[in-house]
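Everything below belongs to input.pdb, which stores PDB, C-alpha atoms.
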ATOM      1  CA  MET U   1     181.833 184.899  92.897
ATOM      2  CA  LYS U   2     179.308 186.409  95.284
ATOM      3  CA  LYS U   3     176.568 185.304  92.894
ATOM      4  CA  LEU U   4     177.772 181.683  93.016
ATOM      5  CA  ILE U   5     177.933 181.756  96.826
ATOM      6  CA  LEU U   6     174.376 183.162  96.954
ATOM      7  CA  ILE U   7     173.109 180.399  94.636
ATOM      8  CA  ALA U   8     174.816 177.751  96.764
ATOM      9  CA  ILE U   9     173.234 179.140  99.946
ATOM     10  CA  ILE U  10     169.775 179.231  98.356
ATOM     11  CA  SER U  11     170.150 175.667  97.020
ATOM     12  CA  SER U  12     171.321 174.411 100.402
ATOM     13  CA  SER U  13     168.421 176.114 102.140
ATOM     14  CA  PHE U  14     165.955 174.641  99.642
ATOM     15  CA  LEU U  15     167.286 171.119 100.179
ATOM     16  CA  THR U  16     167.137 171.541 103.955
ATOM     17  CA  LEU U  17     163.566 172.834 103.715
ATOM     18  CA  SER U  18     162.586 169.906 101.464
ATOM     19  CA  PHE U  19     163.979 167.316 103.888
ATOM     20  CA  SER U  20     162.277 169.074 106.798
ATOM     21  CA  LEU U  21     158.937 169.111 105.034
ATOM     22  CA  TYR U  22     159.306 165.434 104.079
ATOM     23  CA  TYR U  23     160.167 164.503 107.649
ATOM     24  CA  MET U  24     157.230 166.512 109.028
ATOM     25  CA  PHE U  25     154.848 164.867 106.539
ATOM     26  CA  THR U  26     156.102 161.399 107.481
ATOM     27  CA  ILE U  27     155.402 162.068 111.169
ATOM     28  CA  TYR U  28     151.984 163.543 110.349
ATOM     29  CA  GLN U  29     151.176 160.540 108.161
ATOM     30  CA  SER U  30     152.122 158.170 110.954
ATOM     31  CA  ASP U  31     150.044 160.052 113.529
ATOM     32  CA  LEU U  32     146.941 159.825 111.321
ATOM     33  CA  GLY U  33     147.457 156.135 110.696
ATOM     34  CA  ILE U  34     147.815 156.644 106.942
ATOM     35  CA  ALA U  35     149.382 153.527 105.457
ATOM     36  CA  SER U  36     152.402 153.531 103.213
ATOM     37  CA  ARG U  37     152.501 151.650  99.935
ATOM     38  CA  ALA U  38     153.845 148.621 101.761
ATOM     39  CA  GLU U  39     150.662 148.549 103.888
ATOM     40  CA  PRO U  40     147.692 149.042 101.545
ATOM     41  CA  MET U  41     144.488 150.253 103.127
ATOM     42  CA  LEU U  42     140.909 150.117 101.869
ATOM     43  CA  SER U  43     140.225 152.961  99.460
ATOM     44  CA  GLU U  44     137.107 155.082  99.550
ATOM     45  CA  HIS U  45     135.877 152.984  96.621
ATOM     46  CA  ALA U  46     136.261 149.655  98.459
ATOM     47  CA  GLU U  47     133.261 147.366  98.762
ATOM     48  CA  ARG U  48     131.032 148.202 101.709
ATOM     49  CA  ILE U  49     128.450 145.891 103.244
ATOM     50  CA  VAL U  50     125.730 147.180 105.579
ATOM     51  CA  ILE U  51     124.176 144.821 108.149
ATOM     52  CA  ILE U  52     120.826 146.005 109.490
ATOM     53  CA  SER U  53     119.174 144.538 112.592
ATOM     54  CA  GLN U  54     115.744 144.710 114.189
ATOM     55  CA  GLU U  55     117.344 144.170 117.596
ATOM     56  CA  GLN U  56     120.522 146.256 117.712
ATOM     57  CA  GLY U  57     122.440 145.699 120.937
ATOM     58  CA  SER U  58     120.907 142.278 121.605
ATOM     59  CA  PHE U  59     122.930 139.144 122.336
ATOM     60  CA  MET U  60     121.881 137.761 118.967
ATOM     61  CA  MET U  61     123.082 140.807 117.038
ATOM     62  CA  ASN U  62     126.326 141.098 118.985
ATOM     63  CA  GLU U  63     127.157 137.496 118.071
ATOM     64  CA  ILE U  64     126.248 138.067 114.416
ATOM     65  CA  GLN U  65     128.542 141.105 114.377
ATOM     66  CA  LYS U  66     131.471 139.045 115.706
ATOM     67  CA  GLY U  67     131.189 136.579 112.858
ATOM     68  CA  ALA U  68     130.621 139.311 110.268
ATOM     69  CA  ARG U  69     133.745 141.198 111.385
ATOM     70  CA  THR U  70     135.830 138.040 111.096
ATOM     71  CA  ALA U  71     134.744 137.551 107.481
ATOM     72  CA  ALA U  72     135.039 141.268 106.603
ATOM     73  CA  ASP U  73     138.618 141.370 107.936
ATOM     74  CA  ALA U  74     139.532 138.277 105.941
ATOM     75  CA  HIS U  75     138.174 139.830 102.730
ATOM     76  CA  GLN U  76     139.447 143.349 103.547
ATOM     77  CA  ILE U  77     136.058 144.923 102.974
ATOM     78  CA  LYS U  78     134.320 147.643 104.947
ATOM     79  CA  ILE U  79     131.316 146.701 107.058
ATOM     80  CA  ASP U  80     128.776 148.909 108.838
ATOM     81  CA  PHE U  81     126.261 147.819 111.480
ATOM     82  CA  TRP U  82     122.974 149.697 111.583
ATOM     83  CA  GLY U  83     119.585 148.971 113.100
ATOM     84  CA  VAL U  84     116.904 149.816 115.597
ATOM     85  CA  TYR U  85     116.876 148.884 119.275
ATOM     86  CA  ARG U  86     113.256 147.750 119.348
ATOM     87  CA  SER U  87     111.548 145.980 116.464
ATOM     88  CA  ASN U  88     109.955 148.689 114.369
ATOM     89  CA  LEU U  89     109.093 148.027 110.736
ATOM     90  CA  ASP U  90     109.005 151.711 109.743
ATOM     91  CA  GLU U  91     112.467 152.333 111.181
ATOM     92  CA  LEU U  92     113.850 149.180 109.593
ATOM     93  CA  ILE U  93     112.520 150.239 106.185
ATOM     94  CA  LYS U  94     114.053 153.682 106.683
ATOM     95  CA  GLN U  95     117.446 152.145 107.473
ATOM     96  CA  ILE U  96     117.338 150.013 104.305
ATOM     97  CA  ASP U  97     116.402 153.079 102.243
ATOM     98  CA  ILE U  98     119.369 155.003 103.683
ATOM     99  CA  ALA U  99     121.702 152.097 102.900
ATOM    100  CA  ILE U 100     120.456 152.128  99.297
ATOM    101  CA  ALA U 101     120.938 155.892  99.037
ATOM    102  CA  SER U 102     124.463 155.580 100.447
ATOM    103  CA  LYS U 103     125.290 153.183  97.573
ATOM    104  CA  ALA U 104     126.215 150.226  99.755
ATOM    105  CA  SER U 105     127.753 147.344  97.812
ATOM    106  CA  GLY U 106     125.456 144.868  99.562
ATOM    107  CA  ILE U 107     122.856 144.745 102.350
ATOM    108  CA  ILE U 108     122.433 141.976 104.932
ATOM    109  CA  VAL U 109     119.233 142.430 106.933
ATOM    110  CA  GLU U 110     116.834 140.581 109.201
ATOM    111  CA  GLY U 111     113.924 139.720 106.943
ATOM    112  CA  VAL U 112     110.318 140.730 107.534
ATOM    113  CA  ASP U 113     107.492 139.006 105.694
ATOM    114  CA  HIS U 114     105.751 142.267 104.752
ATOM    115  CA  PRO U 115     104.933 144.060 101.448
ATOM    116  CA  GLU U 116     106.903 147.179 102.467
ATOM    117  CA  PHE U 117     109.998 145.094 103.126
ATOM    118  CA  ASP U 118     109.566 143.346  99.764
ATOM    119  CA  ARG U 119     109.235 146.744  98.054
ATOM    120  CA  MET U 120     112.475 147.977  99.603
ATOM    121  CA  VAL U 121     114.368 144.829  98.560
ATOM    122  CA  LYS U 122     113.029 145.328  95.037
ATOM    123  CA  LYS U 123     114.306 148.917  95.112
ATOM    124  CA  ALA U 124     117.764 147.773  96.202
ATOM    125  CA  THR U 125     117.812 145.114  93.477
ATOM    126  CA  ALA U 126     116.897 147.706  90.844
ATOM    127  CA  LYS U 127     119.905 149.747  91.991
ATOM    128  CA  GLY U 128     122.172 146.721  91.624
ATOM    129  CA  ILE U 129     122.524 146.204  95.377
ATOM    130  CA  PRO U 130     122.147 142.545  96.445
ATOM    131  CA  VAL U 131     120.208 141.789  99.634
ATOM    132  CA  ILE U 132     120.702 138.734 101.843
ATOM    133  CA  THR U 133     118.329 138.057 104.738
ATOM    134  CA  ILE U 134     119.726 136.763 108.021
ATOM    135  CA  ASN U 135     118.128 135.086 111.077
ATOM    136  CA  SER U 136     114.602 135.732 109.779
ATOM    137  CA  ASP U 137     113.528 135.431 106.162
ATOM    138  CA  ALA U 138     111.324 137.187 103.621
ATOM    139  CA  PRO U 139     110.985 134.329 101.099
ATOM    140  CA  ASP U 140     108.655 136.201  98.738
ATOM    141  CA  SER U 141     111.080 139.106  98.288
ATOM    142  CA  LEU U 142     113.883 139.414  95.735
ATOM    143  CA  ARG U 143     116.562 138.711  98.324
ATOM    144  CA  LYS U 144     119.466 136.679  96.949
ATOM    145  CA  SER U 145     119.551 134.130  99.787
ATOM    146  CA  TYR U 146     118.675 133.490 103.424
ATOM    147  CA  VAL U 147     121.271 132.645 106.088
ATOM    148  CA  GLY U 148     120.188 131.337 109.491
ATOM    149  CA  SER U 149     118.275 128.633 111.305
ATOM    150  CA  ASP U 150     115.568 126.568 109.673
ATOM    151  CA  HIS U 151     112.787 127.629 112.050
ATOM    152  CA  TYR U 152     110.569 124.737 111.006
ATOM    153  CA  GLN U 153     113.352 122.316 111.972
ATOM    154  CA  GLU U 154     113.730 124.206 115.262
ATOM    155  CA  GLY U 155     110.129 123.279 116.026
ATOM    156  CA  ILE U 156     110.767 119.654 115.071
ATOM    157  CA  ILE U 157     113.875 119.387 117.264
ATOM    158  CA  MET U 158     112.390 121.171 120.268
ATOM    159  CA  GLY U 159     109.155 119.201 119.908
ATOM    160  CA  GLU U 160     110.991 115.889 120.029
ATOM    161  CA  TYR U 161     112.946 116.988 123.084
ATOM    162  CA  ILE U 162     109.839 118.214 124.935
ATOM    163  CA  ALA U 163     107.838 115.088 124.111
ATOM    164  CA  THR U 164     110.645 112.987 125.578
ATOM    165  CA  GLN U 165     110.880 115.124 128.724
ATOM    166  CA  LEU U 166     107.095 114.976 129.302
ATOM    167  CA  ASN U 167     106.898 111.244 128.551
ATOM    168  CA  GLY U 168     104.421 111.981 125.770
ATOM    169  CA  ARG U 169     101.729 113.548 127.996
ATOM    170  CA  GLY U 170     100.810 117.011 129.244
ATOM    171  CA  THR U 171      99.182 120.367 128.561
ATOM    172  CA  VAL U 172     101.794 122.818 127.255
ATOM    173  CA  GLY U 173     101.248 126.579 127.267
ATOM    174  CA  VAL U 174     102.724 128.433 124.285
ATOM    175  CA  VAL U 175     103.970 132.004 124.716
ATOM    176  CA  LYS U 176     104.128 133.726 121.340
ATOM    177  CA  SER U 177     106.353 136.494 119.978
ATOM    178  CA  MET U 178     105.051 140.030 119.652
ATOM    179  CA  THR U 179     107.309 140.853 116.700
ATOM    180  CA  SER U 180     108.095 137.694 114.680
ATOM    181  CA  PRO U 181     104.829 136.070 113.570
ATOM    182  CA  GLY U 182     106.504 134.438 110.554
ATOM    183  CA  THR U 183     109.125 132.735 112.702
ATOM    184  CA  ASP U 184     106.438 131.691 115.219
ATOM    185  CA  GLU U 185     104.371 130.104 112.472
ATOM    186  CA  LEU U 186     107.272 127.952 111.268
ATOM    187  CA  ARG U 187     108.238 126.851 114.795
ATOM    188  CA  LEU U 188     104.630 126.006 115.616
ATOM    189  CA  LYS U 189     104.342 124.014 112.385
ATOM    190  CA  GLY U 190     107.323 121.900 113.468
ATOM    191  CA  LEU U 191     106.000 121.509 117.016
ATOM    192  CA  GLY U 192     102.580 120.524 115.685
ATOM    193  CA  GLU U 193     104.042 117.878 113.421
ATOM    194  CA  ILE U 194     105.832 116.199 116.332
ATOM    195  CA  PHE U 195     103.057 116.567 118.910
ATOM    196  CA  GLY U 196     100.619 115.131 116.371
ATOM    197  CA  LYS U 197     102.338 111.812 117.083
ATOM    198  CA  TYR U 198     101.558 112.170 120.788
ATOM    199  CA  PRO U 199      97.794 112.334 121.449
ATOM    200  CA  GLY U 200      98.557 112.916 125.138
ATOM    201  CA  ILE U 201     100.200 116.313 124.470
ATOM    202  CA  LYS U 202      97.997 119.368 124.024
ATOM    203  CA  LEU U 203      99.145 122.876 123.080
ATOM    204  CA  VAL U 204      97.241 125.824 124.574
ATOM    205  CA  PHE U 205      97.572 129.580 123.995
ATOM    206  CA  ALA U 206      96.633 132.870 125.618
ATOM    207  CA  SER U 207      93.218 134.250 124.703
ATOM    208  CA  ALA U 208      92.889 136.298 121.516
ATOM    209  CA  ASP U 209      92.896 139.518 123.546
ATOM    210  CA  ASN U 210      96.294 138.765 125.082
ATOM    211  CA  GLU U 211      98.165 136.531 122.626
ATOM    212  CA  THR U 212     100.239 139.405 121.226
ATOM    213  CA  LEU U 213     101.011 141.082 124.573
ATOM    214  CA  GLN U 214     104.014 140.777 126.894
ATOM    215  CA  PRO U 215     105.128 137.214 127.775
ATOM    216  CA  LYS U 216     104.219 137.701 131.441
ATOM    217  CA  ILE U 217     100.645 138.685 130.516
ATOM    218  CA  GLN U 218     100.335 135.714 128.153
ATOM    219  CA  THR U 219     101.607 133.345 130.865
ATOM    220  CA  ASN U 220      99.083 134.639 133.409
ATOM    221  CA  ASP U 221      96.284 134.371 130.854
ATOM    222  CA  ILE U 222      97.197 130.733 130.110
ATOM    223  CA  LEU U 223      97.286 129.932 133.836
ATOM    224  CA  ASN U 224      93.858 131.575 134.242
ATOM    225  CA  HIS U 225      92.268 129.487 131.506
ATOM    226  CA  TYR U 226      94.303 126.286 131.951
ATOM    227  CA  PRO U 227      95.190 125.987 135.640
ATOM    228  CA  LYS U 228      96.383 122.406 135.126
ATOM    229  CA  VAL U 229      98.982 123.364 132.519
ATOM    230  CA  ASP U 230     102.097 121.165 132.847
ATOM    231  CA  ALA U 231     104.798 123.123 130.987
ATOM    232  CA  PHE U 232     105.522 126.220 128.906
ATOM    233  CA  ILE U 233     107.168 126.799 125.538
ATOM    234  CA  SER U 234     108.460 130.283 124.770
ATOM    235  CA  LEU U 235     108.741 131.104 121.072
ATOM    236  CA  PRO U 236     110.400 134.541 121.494
ATOM    237  CA  ALA U 237     113.930 134.969 122.840
ATOM    238  CA  ASP U 238     114.712 136.625 126.181
ATOM    239  CA  SER U 239     111.283 135.867 127.686
ATOM    240  CA  GLY U 240     112.320 133.134 130.112
ATOM    241  CA  GLU U 241     112.541 135.375 133.155
ATOM    242  CA  SER U 242     109.052 136.800 132.564
ATOM    243  CA  ILE U 243     107.545 133.314 132.332
ATOM    244  CA  VAL U 244     109.407 132.144 135.430
ATOM    245  CA  GLN U 245     108.211 135.167 137.432
ATOM    246  CA  ALA U 246     104.585 134.735 136.342
ATOM    247  CA  ALA U 247     104.576 130.997 137.042
ATOM    248  CA  LYS U 248     106.248 131.393 140.446
ATOM    249  CA  SER U 249     103.831 134.118 141.512
ATOM    250  CA  ARG U 250     100.865 131.875 140.734
ATOM    251  CA  SER U 251     102.102 128.607 142.224
ATOM    252  CA  ARG U 252     104.930 128.240 144.704
ATOM    253  CA  MET U 253     104.134 124.546 145.058
ATOM    254  CA  LYS U 254     104.731 123.568 141.450
ATOM    255  CA  ASP U 255     107.713 123.978 139.139
ATOM    256  CA  TYR U 256     106.795 124.219 135.489
ATOM    257  CA  PRO U 257     109.269 122.880 132.925
ATOM    258  CA  ILE U 258     110.017 125.808 130.615
ATOM    259  CA  PHE U 259     111.510 125.454 127.142
ATOM    260  CA  ILE U 260     112.825 128.464 125.201
ATOM    261  CA  PHE U 261     113.985 128.996 121.605
ATOM    262  CA  ASP U 262     116.991 130.968 122.844
ATOM    263  CA  ASP U 263     120.482 130.628 124.328
ATOM    264  CA  SER U 264     121.289 134.176 125.456
ATOM    265  CA  PRO U 265     123.396 134.556 128.638
ATOM    266  CA  GLN U 266     120.202 135.329 130.572
ATOM    267  CA  THR U 267     118.546 132.117 129.363
ATOM    268  CA  VAL U 268     121.666 130.022 130.034
ATOM    269  CA  MET U 269     121.757 131.408 133.590
ATOM    270  CA  LEU U 270     118.111 130.374 134.107
ATOM    271  CA  ILE U 271     118.924 126.904 132.744
ATOM    272  CA  ASN U 272     121.936 126.518 135.043
ATOM    273  CA  ASN U 273     119.803 127.633 138.010
ATOM    274  CA  GLY U 274     117.179 125.004 137.206
ATOM    275  CA  LEU U 275     114.472 127.565 136.373
ATOM    276  CA  VAL U 276     114.384 126.738 132.656
ATOM    277  CA  GLN U 277     114.774 123.172 131.440
ATOM    278  CA  ALA U 278     116.288 123.747 128.000
ATOM    279  CA  GLY U 279     117.062 126.361 125.370
ATOM    280  CA  LEU U 280     118.003 126.337 121.721
ATOM    281  CA  SER U 281     121.281 127.562 120.230
ATOM    282  CA  GLN U 282     121.148 128.993 116.713
ATOM    283  CA  HIS U 283     124.888 129.695 116.295
ATOM    284  CA  TYR U 284     124.542 133.396 115.483
ATOM    285  CA  GLU U 285     128.279 134.008 115.064
ATOM    286  CA  GLU U 286     128.367 131.466 112.269
ATOM    287  CA  MET U 287     125.402 133.225 110.648
ATOM    288  CA  GLY U 288     127.296 136.511 110.572
ATOM    289  CA  GLU U 289     130.455 135.033 109.105
ATOM    290  CA  MET U 290     128.605 132.966 106.512
ATOM    291  CA  SER U 291     126.420 135.872 105.359
ATOM    292  CA  VAL U 292     129.428 138.115 104.650
ATOM    293  CA  ASN U 293     131.288 135.296 102.881
ATOM    294  CA  LEU U 294     128.264 134.655 100.663
ATOM    295  CA  MET U 295     127.801 138.357  99.928
ATOM    296  CA  LYS U 296     131.453 138.541  98.869
ATOM    297  CA  ARG U 297     130.970 135.525  96.577
ATOM    298  CA  TRP U 298     128.019 137.295  94.948
ATOM    299  CA  LEU U 299     129.888 140.601  94.564
ATOM    300  CA  ASP U 300     132.861 138.798  92.997
ATOM    301  CA  ALA U 301     130.519 136.828  90.700
ATOM    302  CA  ILE U 302     132.032 133.601  92.009
ATOM    303  CA  GLN U 303     128.631 132.028  92.671
ATOM    304  CA  LEU U 304     125.639 133.294  90.728
ATOM    305  CA  PRO U 305     123.019 132.607  91.800
ATOM    306  CA  LEU U 306     123.446 131.706  95.446
ATOM    307  CA  ASP U 307     121.472 128.806  96.884
ATOM    308  CA  ASN U 308     118.037 129.802  98.122
ATOM    309  CA  SER U 309     118.910 129.165 101.795
ATOM    310  CA  TYR U 310     121.947 128.385 103.922
ATOM    311  CA  PHE U 311     120.919 126.833 107.239
ATOM    312  CA  THR U 312     123.178 127.054 110.275
ATOM    313  CA  PRO U 313     123.312 124.342 113.005
ATOM    314  CA  ILE U 314     120.674 124.015 115.733
ATOM    315  CA  SER U 315     121.531 122.687 119.190
ATOM    316  CA  ILE U 316     119.560 121.895 122.345
ATOM    317  CA  VAL U 317     121.164 123.602 125.367
ATOM    318  CA  THR U 318     120.728 121.948 128.779
ATOM    319  CA  SER U 319     122.009 122.435 132.330
ATOM    320  CA  THR U 320     125.055 120.284 131.570
ATOM    321  CA  GLY U 321     126.457 123.277 129.767
ATOM    322  CA  GLU U 322     126.964 121.189 126.653
ATOM    323  CA  GLU U 323     125.170 121.526 123.368
ATOM    324  CA  GLU U 324     123.676 118.472 121.751
ATOM    325  CA  THR U 325     124.109 119.234 118.041
ATOM    326  CA  ALA U 326     120.817 118.373 116.447
ATOM    327  CA  PHE U 327     120.858 119.800 112.944
ATOM    328  CA  GLU U 328     123.971 120.231 110.821
ATOM    329  CA  ASN U 329     124.663 123.152 108.489
ATOM    330  CA  HIS U 330     123.444 122.722 104.927
ATOM    331  CA  SER U 331     122.163 124.693 101.989
ATOM    332  CA  LYS U 332     118.868 124.346 100.242
TER     333      LYS U 332
END

Would it be possible to restate this file's structure as structure tokens?
Amino acid sequence: MKKLILIAIISSSFLTLSFSLYYMFTIYQSDLGIASRAEPMLSEHAERIVIISQEQGSFMMNEIQKGARTAADAHQIKIDFWGVYRSNLDELIKQIDIAIASKASGIIVEGVDHPEFDRMVKKATAKGIPVITINSDAPDSLRKSYVGSDHYQEGIIMGEYIATQLNGRGTVGVVKSMTSPGTDELRLKGLGEIFGKYPGIKLVFASADNETLQPKIQTNDILNHYPKVDAFISLPADSGESIVQAAKSRSRMKDYPIFIFDDSPQTVMLINNGLVQAGLSQHYEEMGEMSVNLMKRWLDAIQLPLDNSYFTPISIVTSTGEEETAFENHSK
């Protein structure tokens, strides 16, 4: 009899301990945010896309990240954002190499038209990791596709707008980018095609010694060599304030129309204050969302191969606060 009572007590204690442990585990699981079977979470083997930027923390990259997160959430895939805070080819290459070593499922990166970048894309491809370029391209690499603005068309659209604003006449100073020569070349090609129709418009540049220096130095150099310049075009983003400061310091009697390939909050503020005449919107958020969607299509083998390029819309931004859509999204 005593033996049966002892067994009953032990069994009861065991059941109590089991329920207590289960209850404690449930609370612990909840505190850690571990999902139950009814709420599946991404496993450690889930697809992971790495987006790498040359300008981490910039308006452009922040907008790209917004769009990329939207697409990643919709597909329930993991996404990491890496990059450098100032354009640096060596650091960018290092980041791509780390992404390859970490066995990312796919890499989305701002392209650089450089042999080292091409070599790193080739390495990723050999490892079975697809690469998509975004915002700036590396067309000679093995990247699967490019997502972003057609920079040649940007030059066409901005050129037409400027020619209209200047009534087909004037000397226009061009401030070049220190870090994106490939993008500059395409924009200048588009500008040149349009201005070729207007013999009264002449493009001028800073001297060879200063053409790759800060925008403010380039602006001063242009004003030194072409004191009768009528307007300025800025190819790099976020340079409007530097051009405005340089122009104002040289001539308080003349306002120079300034046109910028950018629509960051700083540029929009300058436009609204009448210091910059127009900017250009490249719809970065759409770039981010589209690039992740396309990467997912590649990873799922839904679309092989991808189209060579997917161009996002381009819009002229003026002081009205409205965007005049100038170039609709299409693939090529």

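The neighbours of Asp90 of chain U here are the residues that come within 9 Å of it, using only C-alpha atoms and leaving out any residue fewer than 4 positions away in the same chain; they are Lys94, Gln95 and Glu116 of chain U.
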
### Message
Here's the selection I'm unsure about, the PyMOL selection byres ((chain U and resi 211-225) around 7); applied to the file above, which residues does it give, as a list in words?
### Response
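The output of the PyMOL selection byres ((chain U and resi 211-225) around 7) on this file is Gly173, Val175, Lys176, Ser177, Met178, Phe205, Ala206, Ser207, Ala208, Asp209, Asn210, Tyr226, Pro227, Val229, Ser239, Ser242, Ile243 and Ala246 of chain U.
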
### Message
Since I can't run it myself right now, could you work out what the PyMOL selection byres ((chain U and resi 271) around 12) selects here and report it as a ChimeraX atom specification?
### Response
/U:240-241,244,257-260,262-270,272-280,316-322

### Task
Step by step, work through what the PyMOL selection byres ((chain U and resi 299-304) around 9) selects in the shown file, and finish by giving those residues as number ranges by chain.
U: 47, 105-106, 130, 294-298, 305-307

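Take the candidates U:Gly159, U:Gly200, U:Gly288, U:Gly83 and check each one against Thr171 of chain U using all atoms listed in the file; the shortest distance goes to U:Gly200.
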
### Task
May I ask for the distance between atom CA of Ser180 of chain U and atom CA of Ile98 of chain U, given in Å to one decimal place?
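Separating atom CA of Ser180 of chain U from atom CA of Ile98 of chain U is a distance of 23.4 Å.
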
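Taking atom CA of Ala71 of chain U and atom CA of Lys103 of chain U as endpoints, the distance between them is 20.8 Å.
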
### Which residue of U:Gln153, U:Gln282, U:Arg86, U:Ile49 approaches Arg69 of chain U most closely, using all atoms listed in the file
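Distance minimum relative to Arg69 of chain U lands on U:Ile49.
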
### Task
Go through U:Ile108, U:Ile79, U:Met287, U:Ile314 and flag the residue nearest Gly67 of chain U, using all atoms listed in the file for the distances.
U:Met287

### Query
Counting all atoms listed in the file, which of U:Thr179, U:Ser141, U:Thr125, U:Asn88 gets nearest to Ile100 of chain U?
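Comparing U:Thr179, U:Ser141, U:Thr125, U:Asn88 against Ile100 of chain U, the winner is U:Thr125.
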
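Considering the residues U:Asp238, U:Asp97, U:Glu110, U:Asp140 and counting only C-alpha atoms, Ala124 of chain U has its shortest atom-to-atom contact with U:Asp97.
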
### Task
Go through U:Leu191, U:Ile129, U:Ala247, U:Leu142 and flag the residue nearest Ile157 of chain U, using all atoms listed in the file for the distances.
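Among the listed residues, U:Leu191 lies closest to Ile157 of chain U.
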
### Task
Show which residues sit within 7 Å of Thr133 of chain U, as a list in words. Count only C-alpha atoms, and ignore same-chain residues fewer than 4 positions away.
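What passes the distance filter is Ile108, Val109, Glu110, Gly111, Asp137, Arg143, Ser145, Tyr146 and Val147 of chain U.
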
### Query
Mind pulling up the distance from atom CA of Asn308 of chain U to atom CA of Ile134 of chain U?
12.2 Å

### Task
Up to 7 Å from (109.4, 129.1, 119.5) in the file's coordinates: name the residues, counting all atoms listed in the file, as an NGL selection string.
:U and (155 or 184 or 187-188 or 233-236 or 260-261)

Box time for segment 72-90 of chain U: axis-aligned, enclosing all its listed atoms, 4 Å extra on each side; report centre and edge lengths in Å to one decimal, as JSON.
{"center_x": 124.3, "center_y": 145.0, "center_z": 111.0, "size_x": 38.5, "size_y": 21.4, "size_z": 24.6}
